[in-house]
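S.K.: Can you keep this structure in mind? I'll have questions shortly.
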Amino acid sequence: MIYFDNAATSWPKPPEVFESMNLFMRDLGGNPGRSGHRMATGAEAMIGECRNAVSKFFGLGDPARCVFTLNCTDALNMAMKGVIRQGDHVITTALEHNSISRPLQQMSDDGYISLTRVEPEVEQGAWTVDEIIRELKPNTSLVALTHCANVTGVINPVEALGAALRKANPKILLLVDAAQSAGIVPIHMENANIDLLAFPGHKALYAPTGTGALLIGPRVDTENFACWREGGTGGDSASPLQPHELPHRLEGGTPNTMGIAGLLAGVRFLNRLGPAKVLEHERAIVKRLIDAFEPDKRFTIYGTKDLSRKVGALSITIKDRDNPDVASILDQAFEIAVRPGLHCAPYTHKHLGTFPTGTLRLSPGYFSTLEETDAVIKALQEIAA
Ligand SMILES: Cc1ncc(COP(=O)(O)O)c(C=O)c1O
C-alpha cells in the first residue's frame, strides 16, 4: 500500500514506537499512581518521562501542566470548556476542523457565548493577524484556531498573532490547534505566547491512536479550570471533589499507558531525527506533486503553493471526476490511500469553494518516498485521462 493519508493518522509508525509499547505491555503494565508496587511505579515513571519530553519539545516550562488526552479533539474540548465562561466572546476562523467549530457553534447556539468566525479575505486558505485582531471586543476571552489547516496544509502565523494579542489585550487566551503541525513545525509555547496547545500523538508525533495532550501555559488560571472529566486520580482519594493540581485535575481515570509509551518513543524519534528533516522531506514530496499538477489544466490545487508555508498535505480536484470515486479507484486499482471529501472541515471547504463535494487530500509522511510519489502522480494522471 502507498499510504498518502498521514494527515488523518501517520502510518507506518517508527519501529521504536511499537517496540516501546510492546516492552511496556510485557514488563510494566501496571496502573500508574494507583499502587506502590514496582509495575505501577514503573508505569508512573514512564508517564513522567513522557510529560517531561513533551513539555520540553513544545517549550512548556512546567511538565505538570502537560495533560494527556485521547486525541486532539479531547484536548480542544477540554481547553474550550475549561476556560470559556458564559457571556464571553470567542474568536475562531473558517479554517477550523469540526473539533473547534462544533463545540463553539454549540455554545453559541445555546446563547452561552458570542462567536466570531473570521473568514480570511486577504489570502485564500490562510488568515492574517490583522483579520483576527480587528475582531477583538472588550469581552473577548479566547482566540481558538488552527496552526495549520488540515485541508490545505497551509501554516498560519500563530507566533505573530500571539505577540499581537498579548499587546492588544493580555487577558485574552490563545488556544492553538496543532493537530497538523505538532512534530514537524517547531512550536515553543512560551516564545510564541500560546496559552493552550492541543495536539494528537497519532499524527506527526508518530505515536499510536488514542494519544494526545493539552499543554496549559502559566497564564491560564487552573484553580477555576472547569473539569472535563472527574474521577479517580490515584492520590487524594479522600477528597470529595476533583483535586485542583495539574495534571490530576484533568486526568481522571486510568490513562492510556501503552499509548503514552508509544508517544514517548515518537517524541524521542523526532528528537533524534529533528523535525526540520521530516518537514524538508514532506516538502520535497509536495513539491513533486505540485510540479506535476500545476501545469496540467485538468488539476486544481487549493491553498498556497509556497512550500515555505506548507506541511505535507496537498488538496486537489480533477476536472469532471468525483473525489470519492477517485479515492476508491486509487485504493482498489492502485493500492494508494488518500482521503476525499470534506475532511471534517466544512467551513474550510466553503471558503475554498469546494463545498459540499470537497477535495482529494494527498498527505505524505516521513516514510513516504519519491518513487511512491511518482506512482501516485501516474495513477492520478491515468484517472484524469
Ligand atoms: C486541524 C485538526 N484539528 C483537530 C483534529 C482532530 O484530531 P483527532 O482526530 O486526534 O481528535 C484534526 C484531525 O484530523 C485536525 O486535522
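Starting from 1 in every chain, residues are counted up; chains themselves are A, B, ... following the order of the C-alpha cells, and ligands are numbered from 1 as listed.
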Quick one: residues within 6 Å of Arg65 in chain A, only C-alpha atoms, excluding same-chain residues fewer than 2 positions away - as a PyMOL selection string?
M.R.: chain A and resi 62-63+215-216+246-247
S.K.: Write out as number ranges by chain all residues of range 6-129 of chain A that backbone DSSP assigns to alpha helix (DSSP H).
M.R.: A: 15-27, 38-57, 72-83, 98-109, 129
S.K.: Return as a PyMOL selection string the residues of protein, DNA or RNA that approach ligand 1 to within 8 Å, with only C-alpha atoms and all ligand atoms taken into account.
M.R.: chain A and resi 7-9+70-76+96-100+146-151+177-180+199-203+209-212+343-344
S.K.: Mind listing the strand (DSSP E or B) residues of range 209-307 of chain A, per DSSP on the backbone, as a list in words?
M.R.: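 Reading the DSSP output for range 209-307 of chain A, strand (DSSP E or B) covers Gly212, Ala213, Leu214, Leu215, Ile216, Thr233, Gly235, Phe299, Thr300, Ile301 and Tyr302 of chain A.
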S.K.: Would you output that residue set with N, CA and C atoms, as a tab-separated table (two decimals), in the first residue's frame?
M.R.:
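Final file, out_37.tsv:
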chain	number	residue	atom	x	y	z
A	212	GLY	N	-2.73	12.00	22.84
A	212	GLY	CA	-2.75	13.43	22.56
A	212	GLY	C	-2.44	14.16	23.85
A	213	ALA	N	-2.42	15.48	23.78
A	213	ALA	CA	-2.15	16.24	25.00
A	213	ALA	C	-2.70	17.65	24.88
A	214	LEU	N	-3.00	18.21	26.05
A	214	LEU	CA	-3.29	19.63	26.16
A	214	LEU	C	-2.19	20.22	27.04
A	215	LEU	N	-1.44	21.17	26.51
A	215	LEU	CA	-0.41	21.85	27.30
A	215	LEU	C	-0.98	23.20	27.74
A	216	ILE	N	-0.87	23.45	29.04
A	216	ILE	CA	-1.53	24.62	29.63
A	216	ILE	C	-0.47	25.59	30.15
A	233	THR	N	-7.89	9.62	40.58
A	233	THR	CA	-6.60	10.14	40.12
A	233	THR	C	-5.43	9.40	40.76
A	235	GLY	N	-4.17	9.52	43.74
A	235	GLY	CA	-3.96	10.14	45.05
A	235	GLY	C	-5.22	10.87	45.48
A	299	PHE	N	-6.09	19.53	-13.43
A	299	PHE	CA	-5.97	19.52	-11.97
A	299	PHE	C	-6.09	20.93	-11.40
A	300	THR	N	-6.75	21.03	-10.24
A	300	THR	CA	-6.76	22.31	-9.50
A	300	THR	C	-6.13	22.05	-8.13
A	301	ILE	N	-5.24	22.95	-7.73
A	301	ILE	CA	-4.58	22.86	-6.42
A	301	ILE	C	-5.17	23.95	-5.52
A	302	TYR	N	-5.44	23.64	-4.25
A	302	TYR	CA	-6.05	24.61	-3.33
A	302	TYR	C	-5.04	25.09	-2.28
S.K.: Do you have the CA of Gly262 in chain A-CA of Tyr206 in chain A distance handy?
M.R.: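 Between CA of Gly262 in chain A and CA of Tyr206 in chain A the gap works out to 8.3 Å.
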S.K.: For Met46 in chain A, please output as a list in words all residues within 9 Å (counting only C-alpha atoms; exclusion window: fewer than 5 positions along the same chain).
M.R.: Pro32, Thr41, Arg51, Thr257, Ile260, Ala261 and Leu264 of chain A
S.K.: Determine, counting only C-alpha atoms, which protein, DNA and RNA residues have an atom within 6 Å of an atom of range 320-331 of chain A; residues of the same chain fewer than 6 positions away are not included. Present the result as a list in words.
M.R.: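 In the requested form, the answer reads Ala337, Pro340 and Leu360 of chain A.
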S.K.: Using only C-alpha atoms, which residue out of A:Pro103, A:Pro120, A:Gly303, A:Pro208 lies closest to Met21 in chain A?
M.R.: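 Distance minimum relative to Met21 in chain A lands on A:Pro208.
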S.K.: Would you mind listing what lies within 8 Å of range 132-139 of chain A as a list of chain:residue names, with only C-alpha atoms counted and same-chain residues fewer than 3 positions away left out?
M.R.: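 The neighbour list is A:Gly87, A:Asp88, A:His89, A:Ile91, A:Thr116, A:Val118, A:Trp127, A:Thr128, A:Val129, A:Ala164, A:Leu165, A:Ala168.
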S.K.: Write a file of the selected residues as a PDB file, in the first residue's frame, keeping C-alpha atoms.
M.R.:
ATOM      1  CA  GLY A  87     -21.147  35.765  28.206  1.00  0.00           C
ATOM      2  CA  ASP A  88     -17.625  35.520  26.738  1.00  0.00           C
ATOM      3  CA  HIS A  89     -16.818  36.475  23.184  1.00  0.00           C
ATOM      4  CA  ILE A  91     -12.889  34.312  18.000  1.00  0.00           C
ATOM      5  CA  THR A 116     -16.896  35.465  15.563  1.00  0.00           C
ATOM      6  CA  VAL A 118     -13.133  35.025  10.755  1.00  0.00           C
ATOM      7  CA  TRP A 127      -5.769  34.165   7.962  1.00  0.00           C
ATOM      8  CA  THR A 128      -3.736  37.283   8.691  1.00  0.00           C
ATOM      9  CA  VAL A 129      -3.012  38.728  12.128  1.00  0.00           C
ATOM     10  CA  ALA A 164      -0.147  40.940  18.701  1.00  0.00           C
ATOM     11  CA  LEU A 165      -2.763  39.548  21.097  1.00  0.00           C
ATOM     12  CA  ALA A 168      -3.707  44.263  22.328  1.00  0.00           C
TER      13      ALA A 168
END
S.K.: Might you pull out every residue within 8 Å of range 369-381 of chain A, with only C-alpha atoms counted and same-chain residues fewer than 6 positions away left off, and present them as JSON, numbers by chain?
M.R.: {"A": [2, 285, 288, 289, 292, 330, 334, 336]}
S.K.: What does the distance from CA of Asn271 in chain A to CA of Ala207 in chain A come to in Å, to one decimal?
M.R.: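 It comes out at 13.5 Å.
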S.K.: Smallest atom-to-atom distance to Ala198 in chain A: which of A:Ala333, A:Trp228, A:Val122, A:Met78, using only C-alpha atoms?
M.R.: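 Of all the options, A:Met78 lies closest to Ala198 in chain A.
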S.K.: Skip Gly82 in chain A itself and residues of its chain fewer than 6 positions away, then list as a list in words all residues within 12 Å of it, counting only C-alpha atoms.
M.R.: Asp74, Ala75, Leu76, Leu142, Leu173, Leu175, Leu196, Leu214, Ile216, Val220, Asp221, Thr222, Glu223, Asn224, Phe225, Ala226, Cys227, Trp228, Arg229, Arg249 and Leu250 of chain A
S.K.: Okay, now the selection with N, CA, C and O atoms, as a PDB file, in the first residue's frame?
M.R.:
ATOM      1  N   ASP A  74     -10.279  15.711  22.101  1.00  0.00           N
ATOM      2  CA  ASP A  74     -10.387  15.660  23.556  1.00  0.00           C
ATOM      3  C   ASP A  74      -9.680  16.878  24.178  1.00  0.00           C
ATOM      4  O   ASP A  74     -10.221  17.567  25.052  1.00  0.00           O
ATOM      5  N   ALA A  75      -8.469  17.144  23.681  1.00  0.00           N
ATOM      6  CA  ALA A  75      -7.667  18.258  24.224  1.00  0.00           C
ATOM      7  C   ALA A  75      -8.331  19.597  23.937  1.00  0.00           C
ATOM      8  O   ALA A  75      -8.378  20.493  24.800  1.00  0.00           O
ATOM      9  N   LEU A  76      -8.877  19.761  22.728  1.00  0.00           N
ATOM     10  CA  LEU A  76      -9.521  21.033  22.363  1.00  0.00           C
ATOM     11  C   LEU A  76     -10.787  21.258  23.181  1.00  0.00           C
ATOM     12  O   LEU A  76     -11.034  22.362  23.672  1.00  0.00           O
ATOM     13  N   LEU A 142     -11.114  34.415  24.467  1.00  0.00           N
ATOM     14  CA  LEU A 142     -10.333  33.332  23.856  1.00  0.00           C
ATOM     15  C   LEU A 142     -10.285  33.489  22.341  1.00  0.00           C
ATOM     16  O   LEU A 142     -11.296  33.817  21.708  1.00  0.00           O
ATOM     17  N   LEU A 173      -6.796  34.717  26.065  1.00  0.00           N
ATOM     18  CA  LEU A 173      -6.005  33.493  25.935  1.00  0.00           C
ATOM     19  C   LEU A 173      -5.979  33.046  24.475  1.00  0.00           C
ATOM     20  O   LEU A 173      -6.961  33.211  23.748  1.00  0.00           O
ATOM     21  N   LEU A 175      -5.617  29.762  22.176  1.00  0.00           N
ATOM     22  CA  LEU A 175      -5.645  28.295  22.073  1.00  0.00           C
ATOM     23  C   LEU A 175      -5.277  27.916  20.642  1.00  0.00           C
ATOM     24  O   LEU A 175      -5.929  28.344  19.692  1.00  0.00           O
ATOM     25  N   LEU A 196      -2.660  27.804  25.380  1.00  0.00           N
ATOM     26  CA  LEU A 196      -3.173  26.433  25.403  1.00  0.00           C
ATOM     27  C   LEU A 196      -2.811  25.787  24.068  1.00  0.00           C
ATOM     28  O   LEU A 196      -3.157  26.324  23.007  1.00  0.00           O
ATOM     29  N   LEU A 214      -2.998  18.205  26.048  1.00  0.00           N
ATOM     30  CA  LEU A 214      -3.285  19.632  26.162  1.00  0.00           C
ATOM     31  C   LEU A 214      -2.192  20.215  27.043  1.00  0.00           C
ATOM     32  O   LEU A 214      -2.016  19.775  28.194  1.00  0.00           O
ATOM     33  N   ILE A 216      -0.873  23.447  29.037  1.00  0.00           N
ATOM     34  CA  ILE A 216      -1.535  24.617  29.628  1.00  0.00           C
ATOM     35  C   ILE A 216      -0.465  25.587  30.149  1.00  0.00           C
ATOM     36  O   ILE A 216       0.280  25.254  31.068  1.00  0.00           O
ATOM     37  N   VAL A 220      -2.765  30.602  32.375  1.00  0.00           N
ATOM     38  CA  VAL A 220      -4.122  30.050  32.491  1.00  0.00           C
ATOM     39  C   VAL A 220      -4.414  29.741  33.963  1.00  0.00           C
ATOM     40  O   VAL A 220      -3.629  29.081  34.638  1.00  0.00           O
ATOM     41  N   ASP A 221      -5.578  30.244  34.417  1.00  0.00           N
ATOM     42  CA  ASP A 221      -5.989  30.042  35.808  1.00  0.00           C
ATOM     43  C   ASP A 221      -6.497  28.603  35.969  1.00  0.00           C
ATOM     44  O   ASP A 221      -7.605  28.281  35.543  1.00  0.00           O
ATOM     45  N   THR A 222      -5.685  27.767  36.579  1.00  0.00           N
ATOM     46  CA  THR A 222      -6.083  26.358  36.675  1.00  0.00           C
ATOM     47  C   THR A 222      -6.976  26.102  37.894  1.00  0.00           C
ATOM     48  O   THR A 222      -7.670  25.102  37.937  1.00  0.00           O
ATOM     49  N   GLU A 223      -6.967  27.018  38.853  1.00  0.00           N
ATOM     50  CA  GLU A 223      -7.857  26.865  40.026  1.00  0.00           C
ATOM     51  C   GLU A 223      -9.315  26.795  39.572  1.00  0.00           C
ATOM     52  O   GLU A 223     -10.117  26.051  40.109  1.00  0.00           O
ATOM     53  N   ASN A 224      -9.628  27.621  38.561  1.00  0.00           N
ATOM     54  CA  ASN A 224     -11.018  27.692  38.095  1.00  0.00           C
ATOM     55  C   ASN A 224     -11.236  26.991  36.757  1.00  0.00           C
ATOM     56  O   ASN A 224     -12.233  27.223  36.092  1.00  0.00           O
ATOM     57  N   PHE A 225     -10.284  26.195  36.379  1.00  0.00           N
ATOM     58  CA  PHE A 225     -10.384  25.464  35.110  1.00  0.00           C
ATOM     59  C   PHE A 225     -11.466  24.390  35.275  1.00  0.00           C
ATOM     60  O   PHE A 225     -11.354  23.499  36.118  1.00  0.00           O
ATOM     61  N   ALA A 226     -12.544  24.495  34.476  1.00  0.00           N
ATOM     62  CA  ALA A 226     -13.647  23.534  34.634  1.00  0.00           C
ATOM     63  C   ALA A 226     -13.183  22.134  34.223  1.00  0.00           C
ATOM     64  O   ALA A 226     -12.473  21.982  33.231  1.00  0.00           O
ATOM     65  N   CYS A 227     -13.587  21.138  35.005  1.00  0.00           N
ATOM     66  CA  CYS A 227     -13.156  19.762  34.714  1.00  0.00           C
ATOM     67  C   CYS A 227     -13.925  19.205  33.536  1.00  0.00           C
ATOM     68  O   CYS A 227     -15.131  19.358  33.430  1.00  0.00           O
ATOM     69  N   TRP A 228     -13.234  18.532  32.718  1.00  0.00           N
ATOM     70  CA  TRP A 228     -13.840  17.902  31.552  1.00  0.00           C
ATOM     71  C   TRP A 228     -14.347  16.515  31.950  1.00  0.00           C
ATOM     72  O   TRP A 228     -15.303  16.007  31.416  1.00  0.00           O
ATOM     73  N   ARG A 229     -13.659  15.911  32.901  1.00  0.00           N
ATOM     74  CA  ARG A 229     -13.999  14.555  33.320  1.00  0.00           C
ATOM     75  C   ARG A 229     -13.503  14.397  34.763  1.00  0.00           C
ATOM     76  O   ARG A 229     -12.365  14.734  35.057  1.00  0.00           O
ATOM     77  N   ARG A 249      -6.112  17.193  37.943  1.00  0.00           N
ATOM     78  CA  ARG A 249      -7.435  17.821  37.795  1.00  0.00           C
ATOM     79  C   ARG A 249      -8.122  17.385  36.490  1.00  0.00           C
ATOM     80  O   ARG A 249      -9.330  17.219  36.434  1.00  0.00           O
ATOM     81  N   LEU A 250      -7.306  17.212  35.472  1.00  0.00           N
ATOM     82  CA  LEU A 250      -7.884  16.934  34.148  1.00  0.00           C
ATOM     83  C   LEU A 250      -7.615  15.517  33.654  1.00  0.00           C
ATOM     84  O   LEU A 250      -7.920  15.186  32.517  1.00  0.00           O
TER      85      LEU A 250
END
